[in-house]
>>> print(open('protein38.cif').read())   # mmCIF, C-alpha atoms
data_upload
loop_
_atom_site.group_PDB
_atom_site.id
_atom_site.type_symbol
_atom_site.label_atom_id
_atom_site.label_comp_id
_atom_site.auth_asym_id
_atom_site.auth_seq_id
_atom_site.Cartn_x
_atom_site.Cartn_y
_atom_site.Cartn_z
ATOM 1 C CA MET Q 1199 90.907 24.825 -137.569
ATOM 2 C CA ASP Q 1200 94.158 25.754 -135.771
ATOM 3 C CA THR Q 1201 95.780 29.189 -135.728
ATOM 4 C CA THR Q 1202 98.287 28.296 -138.440
ATOM 5 C CA SER Q 1203 95.552 27.065 -140.764
ATOM 6 C CA GLN Q 1204 93.450 30.164 -140.098
ATOM 7 C CA ALA Q 1205 96.399 32.420 -140.933
ATOM 8 C CA ALA Q 1206 96.989 30.547 -144.186
ATOM 9 C CA VAL Q 1207 93.419 31.027 -145.479
ATOM 10 C CA GLY Q 1208 93.507 33.105 -148.648
ATOM 11 C CA LEU Q 1209 97.277 32.933 -149.006
ATOM 12 C CA GLN Q 1210 98.776 31.514 -152.185
ATOM 13 C CA LEU Q 1211 101.360 28.761 -151.872
ATOM 14 C CA ILE Q 1212 104.773 29.609 -153.326
ATOM 15 C CA ASP Q 1213 106.144 27.357 -156.053
ATOM 16 C CA ALA Q 1214 108.371 24.441 -155.082
ATOM 17 C CA GLY Q 1215 111.719 23.941 -156.765
ATOM 18 C CA GLN Q 1216 113.148 27.404 -156.118
ATOM 19 C CA THR Q 1217 116.509 28.143 -154.520
ATOM 20 C CA VAL Q 1218 117.388 31.638 -153.326
ATOM 21 C CA THR Q 1219 120.736 32.705 -151.891
ATOM 22 C CA VAL Q 1220 121.160 36.008 -150.052
ATOM 23 C CA ARG Q 1221 124.535 37.406 -149.055
ATOM 24 C CA VAL Q 1222 124.179 40.154 -146.464
ATOM 25 C CA PRO Q 1223 126.785 42.323 -144.713
ATOM 26 C CA ALA Q 1224 127.336 42.914 -141.042
ATOM 27 C CA THR Q 1225 126.601 46.449 -139.914
ATOM 28 C CA SER Q 1226 127.689 48.907 -137.272
ATOM 29 C CA ALA Q 1227 125.020 51.323 -136.052
ATOM 30 C CA ASN Q 1228 125.227 54.694 -134.278
ATOM 31 C CA LEU Q 1229 128.922 55.343 -135.138
ATOM 32 C CA GLY Q 1230 129.101 57.474 -132.015
ATOM 33 C CA PRO Q 1231 126.606 60.362 -132.184
ATOM 34 C CA GLY Q 1232 124.277 58.942 -134.875
ATOM 35 C CA TYR Q 1233 122.050 57.133 -132.379
ATOM 36 C CA ASP Q 1234 119.367 55.015 -134.104
ATOM 37 C CA SER Q 1235 119.985 56.893 -137.364
ATOM 38 C CA LEU Q 1236 123.438 56.151 -138.812
ATOM 39 C CA GLY Q 1237 124.726 52.748 -139.885
ATOM 40 C CA LEU Q 1238 127.681 51.423 -141.844
ATOM 41 C CA ALA Q 1239 127.793 48.205 -143.871
ATOM 42 C CA LEU Q 1240 130.902 46.106 -143.240
ATOM 43 C CA ALA Q 1241 132.550 43.522 -145.484
ATOM 44 C CA LEU Q 1242 131.778 40.625 -143.151
ATOM 45 C CA HIS Q 1243 129.033 38.521 -144.695
ATOM 46 C CA ASP Q 1244 126.441 35.950 -143.682
ATOM 47 C CA THR Q 1245 124.896 33.772 -146.386
ATOM 48 C CA LEU Q 1246 121.351 32.410 -146.317
ATOM 49 C CA THR Q 1247 120.173 29.784 -148.811
ATOM 50 C CA VAL Q 1248 116.496 28.803 -148.964
ATOM 51 C CA GLU Q 1249 115.029 26.042 -151.122
ATOM 52 C CA SER Q 1250 111.263 25.494 -151.473
ATOM 53 C CA LEU Q 1251 110.391 21.796 -151.251
ATOM 54 C CA GLU Q 1252 107.649 19.557 -152.581
ATOM 55 C CA THR Q 1253 107.126 18.174 -149.057
ATOM 56 C CA ASP Q 1254 105.905 20.073 -145.973
ATOM 57 C CA GLU Q 1255 109.010 19.515 -143.853
ATOM 58 C CA LEU Q 1256 111.375 22.162 -142.530
ATOM 59 C CA LEU Q 1257 115.064 21.304 -142.839
ATOM 60 C CA PHE Q 1258 117.476 23.720 -141.153
ATOM 61 C CA ASP Q 1259 121.257 23.556 -141.492
ATOM 62 C CA LEU Q 1260 122.990 26.160 -139.332
ATOM 63 C CA ARG Q 1261 126.743 26.655 -139.593
ATOM 64 C CA GLY Q 1262 129.241 28.997 -137.982
ATOM 65 C CA GLU Q 1263 128.258 31.626 -135.415
ATOM 66 C CA GLY Q 1264 125.329 30.541 -133.254
ATOM 67 C CA ALA Q 1265 125.413 26.944 -134.508
ATOM 68 C CA GLU Q 1266 125.565 25.571 -130.969
ATOM 69 C CA THR Q 1267 122.811 27.696 -129.447
ATOM 70 C CA LEU Q 1268 120.271 28.878 -132.027
ATOM 71 C CA PRO Q 1269 117.110 26.861 -132.775
ATOM 72 C CA ARG Q 1270 116.670 24.888 -135.963
ATOM 73 C CA ASP Q 1271 112.892 25.069 -136.186
ATOM 74 C CA ALA Q 1272 110.102 27.536 -136.916
ATOM 75 C CA SER Q 1273 111.050 29.626 -133.859
ATOM 76 C CA HIS Q 1274 114.277 30.773 -135.560
ATOM 77 C CA LEU Q 1275 114.304 34.467 -136.452
ATOM 78 C CA VAL Q 1276 114.884 33.688 -140.131
ATOM 79 C CA ILE Q 1277 111.745 31.558 -140.365
ATOM 80 C CA ARG Q 1278 109.643 34.068 -138.444
ATOM 81 C CA ALA Q 1279 110.811 36.925 -140.671
ATOM 82 C CA MET Q 1280 110.196 34.903 -143.842
ATOM 83 C CA GLU Q 1281 106.688 34.037 -142.724
ATOM 84 C CA ALA Q 1282 105.960 37.703 -141.967
ATOM 85 C CA ALA Q 1283 107.178 38.669 -145.442
ATOM 86 C CA PHE Q 1284 105.232 35.928 -147.211
ATOM 87 C CA GLU Q 1285 102.044 36.886 -145.395
ATOM 88 C CA ARG Q 1286 102.505 40.598 -146.180
ATOM 89 C CA LEU Q 1287 102.911 39.627 -149.849
ATOM 90 C CA GLY Q 1288 99.845 37.382 -149.799
ATOM 91 C CA PHE Q 1289 101.675 34.057 -149.875
ATOM 92 C CA ARG Q 1290 102.628 31.155 -147.640
ATOM 93 C CA HIS Q 1291 105.374 28.556 -147.856
ATOM 94 C CA GLY Q 1292 105.250 24.789 -147.906
ATOM 95 C CA GLY Q 1293 108.380 22.823 -147.102
ATOM 96 C CA LEU Q 1294 111.673 24.661 -146.837
ATOM 97 C CA LYS Q 1295 115.324 23.701 -146.710
ATOM 98 C CA VAL Q 1296 117.250 26.511 -145.050
ATOM 99 C CA THR Q 1297 121.035 26.755 -144.849
ATOM 100 C CA ALA Q 1298 122.508 29.591 -142.796
ATOM 101 C CA ASP Q 1299 126.257 30.194 -142.960
ATOM 102 C CA ASN Q 1300 126.912 32.704 -140.184
ATOM 103 C CA ILE Q 1301 130.161 34.661 -140.018
ATOM 104 C CA ASN Q 1302 128.840 37.682 -138.138
ATOM 105 C CA PRO Q 1303 129.292 37.281 -134.344
ATOM 106 C CA HIS Q 1304 126.020 37.284 -132.398
ATOM 107 C CA GLY Q 1305 125.237 39.598 -129.498
ATOM 108 C CA ARG Q 1306 128.259 41.778 -130.191
ATOM 109 C CA GLY Q 1307 126.789 44.925 -131.781
ATOM 110 C CA LEU Q 1308 127.419 44.035 -135.422
ATOM 111 C CA GLY Q 1309 123.802 43.771 -136.517
ATOM 112 C CA SER Q 1310 123.481 39.987 -136.617
ATOM 113 C CA SER Q 1311 119.716 39.997 -136.062
ATOM 114 C CA ALA Q 1312 119.245 42.744 -138.660
ATOM 115 C CA SER Q 1313 121.314 40.748 -141.151
ATOM 116 C CA ALA Q 1314 119.151 37.683 -140.513
ATOM 117 C CA VAL Q 1315 115.931 39.645 -140.950
ATOM 118 C CA VAL Q 1316 117.121 41.364 -144.136
ATOM 119 C CA ALA Q 1317 118.281 38.047 -145.602
ATOM 120 C CA ALA Q 1318 114.999 36.337 -144.710
ATOM 121 C CA VAL Q 1319 112.710 39.059 -146.056
ATOM 122 C CA SER Q 1320 114.817 39.418 -149.205
ATOM 123 C CA ALA Q 1321 114.659 35.660 -149.781
ATOM 124 C CA ALA Q 1322 110.894 35.525 -149.298
ATOM 125 C CA ASN Q 1323 110.394 38.466 -151.635
ATOM 126 C CA ALA Q 1324 112.453 36.712 -154.307
ATOM 127 C CA MET Q 1325 110.439 33.487 -154.034
ATOM 128 C CA VAL Q 1326 107.033 34.926 -154.901
ATOM 129 C CA PRO Q 1327 106.006 35.466 -158.559
ATOM 130 C CA ALA Q 1328 107.659 38.403 -160.298
ATOM 131 C CA GLU Q 1329 104.459 40.464 -160.412
ATOM 132 C CA SER Q 1330 104.096 40.214 -156.626
ATOM 133 C CA ARG Q 1331 107.668 41.146 -155.696
ATOM 134 C CA ARG Q 1332 108.400 44.468 -154.074
ATOM 135 C CA GLY Q 1333 111.413 46.783 -154.112
ATOM 136 C CA GLN Q 1334 114.053 47.678 -151.563
ATOM 137 C CA ASP Q 1335 111.908 50.366 -149.957
ATOM 138 C CA TRP Q 1336 109.279 47.734 -149.087
ATOM 139 C CA ILE Q 1337 112.027 45.542 -147.623
ATOM 140 C CA LEU Q 1338 113.197 48.536 -145.563
ATOM 141 C CA GLN Q 1339 109.689 49.110 -144.165
ATOM 142 C CA LEU Q 1340 109.096 45.518 -143.106
ATOM 143 C CA THR Q 1341 112.570 44.847 -141.724
ATOM 144 C CA SER Q 1342 112.501 48.135 -139.777
ATOM 145 C CA GLU Q 1343 109.148 47.121 -138.285
ATOM 146 C CA LEU Q 1344 110.536 43.727 -137.309
ATOM 147 C CA GLU Q 1345 113.701 45.224 -135.802
ATOM 148 C CA GLY Q 1346 112.052 48.305 -134.314
ATOM 149 C CA HIS Q 1347 114.395 50.793 -135.999
ATOM 150 C CA PRO Q 1348 116.192 51.156 -139.357
ATOM 151 C CA ASP Q 1349 119.768 51.908 -138.321
ATOM 152 C CA ASN Q 1350 121.096 48.372 -138.922
ATOM 153 C CA VAL Q 1351 118.715 47.059 -141.580
ATOM 154 C CA ALA Q 1352 119.227 50.047 -143.897
ATOM 155 C CA PRO Q 1353 122.986 49.561 -144.454
ATOM 156 C CA ALA Q 1354 122.422 45.795 -144.681
ATOM 157 C CA ILE Q 1355 119.977 46.422 -147.539
ATOM 158 C CA PHE Q 1356 121.667 49.288 -149.372
ATOM 159 C CA GLY Q 1357 125.341 49.067 -148.392
ATOM 160 C CA GLY Q 1358 127.651 51.960 -147.596
ATOM 161 C CA LEU Q 1359 126.774 54.637 -145.058
ATOM 162 C CA ALA Q 1360 123.023 54.708 -144.417
ATOM 163 C CA LEU Q 1361 121.278 57.782 -143.012
ATOM 164 C CA SER Q 1362 117.849 56.759 -141.754
ATOM 165 C CA TRP Q 1363 114.844 58.450 -140.191
ATOM 166 C CA GLN Q 1364 111.235 57.796 -139.218
ATOM 167 C CA ASP Q 1365 108.017 59.749 -139.809
ATOM 168 C CA SER Q 1366 105.189 58.249 -137.750
ATOM 169 C CA ASP Q 1367 105.168 54.601 -138.852
ATOM 170 C CA ARG Q 1368 107.119 55.099 -142.089
ATOM 171 C CA TYR Q 1369 110.872 54.519 -142.326
ATOM 172 C CA SER Q 1370 113.180 56.180 -144.826
ATOM 173 C CA SER Q 1371 116.872 55.915 -145.629
ATOM 174 C CA THR Q 1372 119.408 57.313 -148.035
ATOM 175 C CA SER Q 1373 122.958 56.160 -148.677
ATOM 176 C CA ALA Q 1374 126.182 58.132 -148.813
ATOM 177 C CA THR Q 1375 129.519 57.126 -150.291
ATOM 178 C CA VAL Q 1376 132.258 56.742 -147.712
ATOM 179 C CA ALA Q 1377 135.646 58.260 -148.512
ATOM 180 C CA GLY Q 1378 138.034 55.666 -149.928
ATOM 181 C CA SER Q 1379 140.632 56.193 -147.216
ATOM 182 C CA VAL Q 1380 138.262 55.234 -144.367
ATOM 183 C CA ILE Q 1381 139.030 51.752 -143.019
ATOM 184 C CA PRO Q 1382 136.838 50.164 -140.328
ATOM 185 C CA ILE Q 1383 138.548 48.043 -137.674
ATOM 186 C CA VAL Q 1384 136.512 46.038 -135.177
ATOM 187 C CA ALA Q 1385 137.668 44.553 -131.883
ATOM 188 C CA VAL Q 1386 135.178 41.819 -130.975
ATOM 189 C CA PRO Q 1387 135.339 40.548 -127.370
ATOM 190 C CA ASP Q 1388 134.288 37.049 -126.363
ATOM 191 C CA TYR Q 1389 131.452 38.298 -124.150
ATOM 192 C CA GLU Q 1390 127.965 39.254 -125.329
ATOM 193 C CA LEU Q 1391 125.608 42.115 -124.507
ATOM 194 C CA SER Q 1392 121.991 42.130 -125.622
ATOM 195 C CA THR Q 1393 120.558 45.239 -127.275
ATOM 196 C CA GLU Q 1394 117.707 45.194 -124.760
ATOM 197 C CA ALA Q 1395 120.106 45.218 -121.808
ATOM 198 C CA ALA Q 1396 122.105 48.066 -123.326
ATOM 199 C CA ARG Q 1397 118.999 50.156 -124.041
ATOM 200 C CA ALA Q 1398 117.743 49.635 -120.502
ATOM 201 C CA LEU Q 1399 120.714 51.654 -119.211
ATOM 202 C CA LEU Q 1400 119.752 54.804 -121.123
ATOM 203 C CA PRO Q 1401 117.987 57.698 -119.380
ATOM 204 C CA ALA Q 1402 114.459 58.605 -120.452
ATOM 205 C CA SER Q 1403 115.621 62.079 -121.496
ATOM 206 C CA VAL Q 1404 118.757 64.172 -121.946
ATOM 207 C CA GLY Q 1405 119.354 67.877 -121.579
ATOM 208 C CA HIS Q 1406 118.982 70.360 -124.417
ATOM 209 C CA HIS Q 1407 122.693 71.206 -124.293
ATOM 210 C CA ALA Q 1408 123.733 67.547 -124.720
ATOM 211 C CA ALA Q 1409 121.273 67.123 -127.579
ATOM 212 C CA ALA Q 1410 122.619 70.208 -129.332
ATOM 213 C CA MET Q 1411 126.212 69.078 -128.866
ATOM 214 C CA ASN Q 1412 125.340 65.670 -130.246
ATOM 215 C CA ALA Q 1413 123.589 67.118 -133.299
ATOM 216 C CA GLY Q 1414 126.702 69.079 -134.192
ATOM 217 C CA ARG Q 1415 128.940 66.018 -133.911
ATOM 218 C CA ALA Q 1416 126.569 63.873 -135.993
ATOM 219 C CA ALA Q 1417 126.587 66.471 -138.762
ATOM 220 C CA LEU Q 1418 130.380 66.665 -138.609
ATOM 221 C CA LEU Q 1419 130.654 62.866 -138.692
ATOM 222 C CA ILE Q 1420 128.822 62.616 -142.017
ATOM 223 C CA HIS Q 1421 131.165 65.235 -143.493
ATOM 224 C CA ALA Q 1422 134.163 63.385 -142.055
ATOM 225 C CA LEU Q 1423 133.087 59.998 -143.400
ATOM 226 C CA THR Q 1424 132.309 61.252 -146.884
ATOM 227 C CA HIS Q 1425 134.807 64.047 -147.532
ATOM 228 C CA LYS Q 1426 137.101 64.981 -144.640
ATOM 229 C CA PRO Q 1427 138.345 61.940 -142.668
ATOM 230 C CA GLU Q 1428 140.660 64.174 -140.668
ATOM 231 C CA PHE Q 1429 137.569 65.145 -138.634
ATOM 232 C CA LEU Q 1430 136.660 61.550 -137.689
ATOM 233 C CA LEU Q 1431 137.891 61.833 -134.102
ATOM 234 C CA ALA Q 1432 135.855 64.967 -133.413
ATOM 235 C CA GLY Q 1433 132.905 63.697 -135.419
ATOM 236 C CA THR Q 1434 132.570 60.480 -133.442
ATOM 237 C CA GLU Q 1435 132.192 62.201 -130.065
ATOM 238 C CA ASP Q 1436 128.897 61.102 -128.511
ATOM 239 C CA TYR Q 1437 126.736 62.777 -125.853
ATOM 240 C CA LEU Q 1438 123.637 60.528 -125.894
ATOM 241 C CA HIS Q 1439 124.338 56.904 -125.096
ATOM 242 C CA GLN Q 1440 127.884 55.560 -124.805
ATOM 243 C CA SER Q 1441 128.706 56.885 -121.346
ATOM 244 C CA TYR Q 1442 125.501 55.388 -119.911
ATOM 245 C CA ARG Q 1443 126.260 51.970 -121.396
ATOM 246 C CA ALA Q 1444 129.902 51.904 -120.301
ATOM 247 C CA GLU Q 1445 129.226 50.101 -117.013
ATOM 248 C CA ALA Q 1446 127.806 47.099 -118.915
ATOM 249 C CA MET Q 1447 130.950 46.760 -121.055
ATOM 250 C CA ARG Q 1448 133.835 48.088 -118.993
ATOM 251 C CA PRO Q 1449 136.624 46.366 -120.970
ATOM 252 C CA SER Q 1450 135.243 47.832 -124.208
ATOM 253 C CA ALA Q 1451 134.786 51.265 -122.634
ATOM 254 C CA ALA Q 1452 138.383 51.208 -121.390
ATOM 255 C CA LEU Q 1453 139.652 50.281 -124.843
ATOM 256 C CA ILE Q 1454 137.610 53.063 -126.463
ATOM 257 C CA SER Q 1455 138.935 55.615 -123.991
ATOM 258 C CA ALA Q 1456 142.534 54.540 -124.609
ATOM 259 C CA LEU Q 1457 142.113 54.619 -128.388
ATOM 260 C CA ARG Q 1458 140.533 58.071 -128.365
ATOM 261 C CA THR Q 1459 143.211 59.410 -126.036
ATOM 262 C CA ALA Q 1460 145.738 58.149 -128.592
ATOM 263 C CA GLY Q 1461 143.906 60.070 -131.339
ATOM 264 C CA HIS Q 1462 141.887 57.296 -132.985
ATOM 265 C CA ALA Q 1463 138.154 57.542 -133.776
ATOM 266 C CA ALA Q 1464 136.854 54.701 -131.601
ATOM 267 C CA VAL Q 1465 133.195 54.112 -130.709
ATOM 268 C CA VAL Q 1466 130.866 51.411 -129.458
ATOM 269 C CA SER Q 1467 129.589 49.371 -132.399
ATOM 270 C CA GLY Q 1468 125.802 49.390 -132.112
ATOM 271 C CA ALA Q 1469 124.780 48.393 -128.615
ATOM 272 C CA GLY Q 1470 128.228 46.866 -128.016
ATOM 273 C CA PRO Q 1471 130.369 45.352 -126.747
ATOM 274 C CA THR Q 1472 132.367 45.386 -130.027
ATOM 275 C CA VAL Q 1473 134.626 48.399 -130.479
ATOM 276 C CA LEU Q 1474 134.661 50.075 -133.901
ATOM 277 C CA VAL Q 1475 137.519 52.295 -135.035
ATOM 278 C CA LEU Q 1476 137.288 54.411 -138.191
ATOM 279 C CA ALA Q 1477 140.852 54.803 -139.423
ATOM 280 C CA ASP Q 1478 142.025 57.245 -142.068
ATOM 281 C CA GLY Q 1479 144.316 55.264 -144.360
ATOM 282 C CA GLU Q 1480 146.357 52.071 -144.126
ATOM 283 C CA ALA Q 1481 149.038 53.525 -141.878
ATOM 284 C CA GLU Q 1482 146.556 54.465 -139.175
ATOM 285 C CA ALA Q 1483 144.661 51.187 -139.618
ATOM 286 C CA LEU Q 1484 147.795 49.166 -138.962
ATOM 287 C CA ALA Q 1485 148.674 51.384 -135.997
ATOM 288 C CA VAL Q 1486 145.170 50.837 -134.582
ATOM 289 C CA VAL Q 1487 145.450 47.055 -134.892
ATOM 290 C CA ARG Q 1488 148.807 47.095 -133.072
ATOM 291 C CA PHE Q 1489 147.466 49.431 -130.400
ATOM 292 C CA ILE Q 1490 144.440 47.226 -129.719
ATOM 293 C CA GLU Q 1491 146.496 44.040 -129.559
ATOM 294 C CA GLN Q 1492 148.955 45.576 -127.116
ATOM 295 C CA PHE Q 1493 146.254 47.171 -124.966
ATOM 296 C CA VAL Q 1494 144.098 44.075 -124.574
ATOM 297 C CA ASP Q 1495 147.117 41.875 -123.866
ATOM 298 C CA ALA Q 1496 148.169 44.222 -121.071
ATOM 299 C CA ASN Q 1497 144.761 45.149 -119.646
ATOM 300 C CA THR Q 1498 142.225 42.406 -120.381
ATOM 301 C CA PRO Q 1499 144.197 39.137 -120.338
ATOM 302 C CA ASP Q 1500 141.091 37.126 -119.367
ATOM 303 C CA ILE Q 1501 139.058 38.273 -122.392
ATOM 304 C CA GLY Q 1502 139.548 36.936 -125.884
ATOM 305 C CA TRP Q 1503 139.415 39.540 -128.654
ATOM 306 C CA ARG Q 1504 139.174 39.181 -132.401
ATOM 307 C CA VAL Q 1505 140.636 42.171 -134.207
ATOM 308 C CA LEU Q 1506 139.491 42.500 -137.817
ATOM 309 C CA LYS Q 1507 140.553 45.091 -140.381
ATOM 310 C CA LEU Q 1508 137.593 45.273 -142.731
ATOM 311 C CA ALA Q 1509 136.289 47.328 -145.637
ATOM 312 C CA VAL Q 1510 133.046 49.197 -146.187
ATOM 313 C CA ASP Q 1511 130.543 47.016 -148.028
ATOM 314 C CA VAL Q 1512 129.112 49.119 -150.857
ATOM 315 C CA GLU Q 1513 126.625 46.611 -152.306
ATOM 316 C CA GLY Q 1514 124.341 45.634 -149.457
ATOM 317 C CA ALA Q 1515 122.217 42.478 -149.652
ATOM 318 C CA LYS Q 1516 122.787 40.487 -152.850
ATOM 319 C CA VAL Q 1517 120.135 38.035 -154.014
ATOM 320 C CA GLU Q 1518 120.556 35.142 -156.430
ATOM 321 C CA VAL Q 1519 117.550 33.097 -157.629
ATOM 322 C CA HIS Q 1520 117.554 29.664 -159.262
ATOM 323 C CA ARG Q 1521 114.372 27.996 -160.485
ATOM 324 C CA ARG Q 1522 113.872 24.586 -161.983
#
>>> encode(input="protein38.cif", output="structure tokens")
Amino acid sequence: MDTTSQAAVGLQLIDAGQTVTVRVPATSANLGPGYDSLGLALALHDTLTVESLETDELLFDLRGEGAETLPRDASHLVIRAMEAAFERLGFRHGGLKVTADNINPHGRGLGSSASAVVAAVSAANAMVPAESRRGQDWILQLTSELEGHPDNVAPAIFGGLALSWQDSDRYSSTSATVAGSVIPIVAVPDYELSTEAARALLPASVGHHAAAMNAGRAALLIHALTHKPEFLLAGTEDYLHQSYRAEAMRPSAALISALRTAGHAAVVSGAGPTVLVLADGEAEALAVVRFIEQFVDANTPDIGWRVLKLAVDVEGAKVEVHRR
């Protein structure tokens, strides 16, 4: 008996003839000082559709971002995350037809892997019988385990501003409502940076003074995002990670410095290299877009940038189920 067969012993086969569609937002983690704890859901959505088949084949249709480079077999992150979820629930899958429509850029600090994992686990959870399905907290636990931290998966699941923490091996998160005037703008460069490479640049420890300064800014940032956007610039000041990562994304670091000098709340989105700006109102949002376009044209002519004025996604992952 091979390893796959051994793993499947005792697992119930899911029913064929089901189609599940999951729409999941991109996310921006850290937001400056909220390292590995704060995340914001953005209105930029990937869509995953999974159909359970009568046959044992795996059909994978991948469109959009990553279509030229990502695998279309069982090694794909979506399949691996679905299999982990099915097994945790006591089930296994037969044949699957998977369609991934990817809008979220990969390797740019917008939570693409977290979005894939959340979509996959949510889809698997929806495909087991109703009495075996679990709630969003269970999805948070498994996706945080798969990702290693909850800062991106939490806003992808719940929407809005997610405040997440860990006690031993348990992950928790709560959501806060972002003030209506806050408008996220992202500047996405055409170069990638892996999360692993960005984390490798961080020191093993920081001083007590830096930690205390960072704690104060993180607390202020939550107040700024939810009630007092006029404090966004001060609230996004970071003392833990951005300066150490700057050498790996110099064009992004230069843009952030210029934006902050001009009075705009700019940070590294996740591990980078995307730049996130939290604008207060339409007037500032438009000014930020113009500023970015002019700056990159003058200073980084060899790098292509996509500048997107987005909204905060308040719904999180949305699941639709169709059964024959």
>>> resolve_selection(input="protein38.cif", expression="the PyMOL selection byres ((chain Q and resi 1445-1454) around 8)", output="NGL selection string")
:Q and (1387 or 1391 or 1396 or 1442-1444 or 1455-1458 or 1464-1466 or 1470-1473 or 1490 or 1493-1494 or 1498)
>>> closest_residue(input="protein38.cif", among="Q:His1439, Q:Arg1488, Q:His1291, Q:Arg1261", to="Ala1214 of chain Q", atoms="only C-alpha atoms")
Q:His1291
>>> closest_atom_pairs(input="protein38.cif", of="segment 1345-1456 of chain Q", to="segment 1314-1317 of chain Q", cutoff="7 Å", atoms="only C-alpha atoms", output="Markdown table")
| residue | atom | partner | partner_atom | distance |
| --- | --- | --- | --- | --- |
| Q:Val1351 | CA | Q:Val1316 | CA | 6.4 |
| Q:Ala1354 | CA | Q:Val1316 | CA | 6.9 |
| Q:Ile1355 | CA | Q:Val1316 | CA | 6.7 |
>>> resolve_selection(input="protein38.cif", expression="the PyMOL selection byres ((chain Q and resi 1241) around 9)", output="JSON, numbers by chain")
{"Q": [1223, 1224, 1225, 1239, 1240, 1242, 1243, 1508, 1509, 1510, 1511, 1512]}
>>> atom_distance(input="protein38.cif", atom1="atom CA of Ser1320 of chain Q", atom2="atom CA of Phe1356 of chain Q")
12.0 Å
>>> resolve_selection(input="protein38.cif", expression="the PyMOL selection byres ((chain Q and resi 1418-1433) around 12)", output="PyMOL selection string")
chain Q and resi 1228-1232+1235-1238+1358-1361+1373-1382+1411-1417+1434-1437+1454-1455+1457-1465+1475-1479+1482+1510
>>> atom_distance(input="protein38.cif", atom1="atom CA of Phe1258 of chain Q", atom2="atom CA of Asp1299 of chain Q")
11.1 Å
>>> residues_around(input="protein38.cif", residues="Ser1250 of chain Q", least_positions_apart="3", cutoff="12 Å", atoms="only C-alpha atoms", output="number ranges by chain")
Q: 1211-1219, 1247, 1253-1257, 1290-1297, 1321-1322, 1324-1326, 1519-1522
>>> atom_distance(input="protein38.cif", atom1="atom CA of Asp1365 of chain Q", atom2="atom CA of Ala1395 of chain Q")
26.1 Å
>>> closest_residue(input="protein38.cif", among="Q:Ala1469, Q:Leu1400, Q:His1274, Q:Glu1266", to="Leu1438 of chain Q", atoms="all atoms listed in the file")
Q:Leu1400
>>> closest_residue(input="protein38.cif", among="Q:Ser1362, Q:Asn1350, Q:Asn1497, Q:Ser1330", to="Gly1307 of chain Q", atoms="only C-alpha atoms")
Q:Asn1350
>>> closest_residue(input="protein38.cif", among="Q:Asn1302, Q:Ser1403, Q:Ser1392, Q:Asn1323", to="Gly1262 of chain Q", atoms="all atoms listed in the file")
Q:Asn1302
>>> closest_residue(input="protein38.cif", among="Q:Asp1335, Q:Glu1513, Q:Glu1285, Q:Glu1343", to="Gly1208 of chain Q", atoms="all atoms listed in the file")
Q:Glu1285
>>> decode(input="protein38.cif", residues="segment 1457-1465 of chain Q", atoms="N, CA, C and O atoms", output="CSV table (one decimal), in the first residue's frame")
chain,number,residue,atom,x,y,z
Q,1457,LEU,N,7.1,59.5,0.1
Q,1457,LEU,CA,5.7,59.7,0.4
Q,1457,LEU,C,5.5,60.2,1.9
Q,1457,LEU,O,4.7,61.1,2.2
Q,1458,ARG,N,6.3,59.6,2.8
Q,1458,ARG,CA,6.2,60.0,4.2
Q,1458,ARG,C,6.7,61.4,4.4
Q,1458,ARG,O,6.1,62.2,5.2
Q,1459,THR,N,7.7,61.7,3.7
Q,1459,THR,CA,8.3,63.1,3.8
Q,1459,THR,C,7.2,64.1,3.3
Q,1459,THR,O,7.1,65.2,3.8
Q,1460,ALA,N,6.4,63.7,2.3
Q,1460,ALA,CA,5.3,64.5,1.8
Q,1460,ALA,C,4.1,64.5,2.7
Q,1460,ALA,O,3.1,65.2,2.4
Q,1461,GLY,N,4.1,63.7,3.8
Q,1461,GLY,CA,3.0,63.7,4.7
Q,1461,GLY,C,2.0,62.6,4.5
Q,1461,GLY,O,0.9,62.7,5.1
Q,1462,HIS,N,2.3,61.6,3.7
Q,1462,HIS,CA,1.4,60.5,3.4
Q,1462,HIS,C,1.8,59.2,4.2
Q,1462,HIS,O,3.0,58.9,4.3
Q,1463,ALA,N,0.8,58.5,4.7
Q,1463,ALA,CA,1.0,57.3,5.5
Q,1463,ALA,C,1.4,56.1,4.7
Q,1463,ALA,O,0.5,55.3,4.3
Q,1464,ALA,N,2.6,56.0,4.3
Q,1464,ALA,CA,3.1,54.9,3.4
Q,1464,ALA,C,3.9,53.9,4.2
Q,1464,ALA,O,4.6,54.3,5.1
Q,1465,VAL,N,3.7,52.6,3.9
Q,1465,VAL,CA,4.3,51.5,4.5
Q,1465,VAL,C,4.6,50.4,3.5
Q,1465,VAL,O,4.1,50.5,2.4
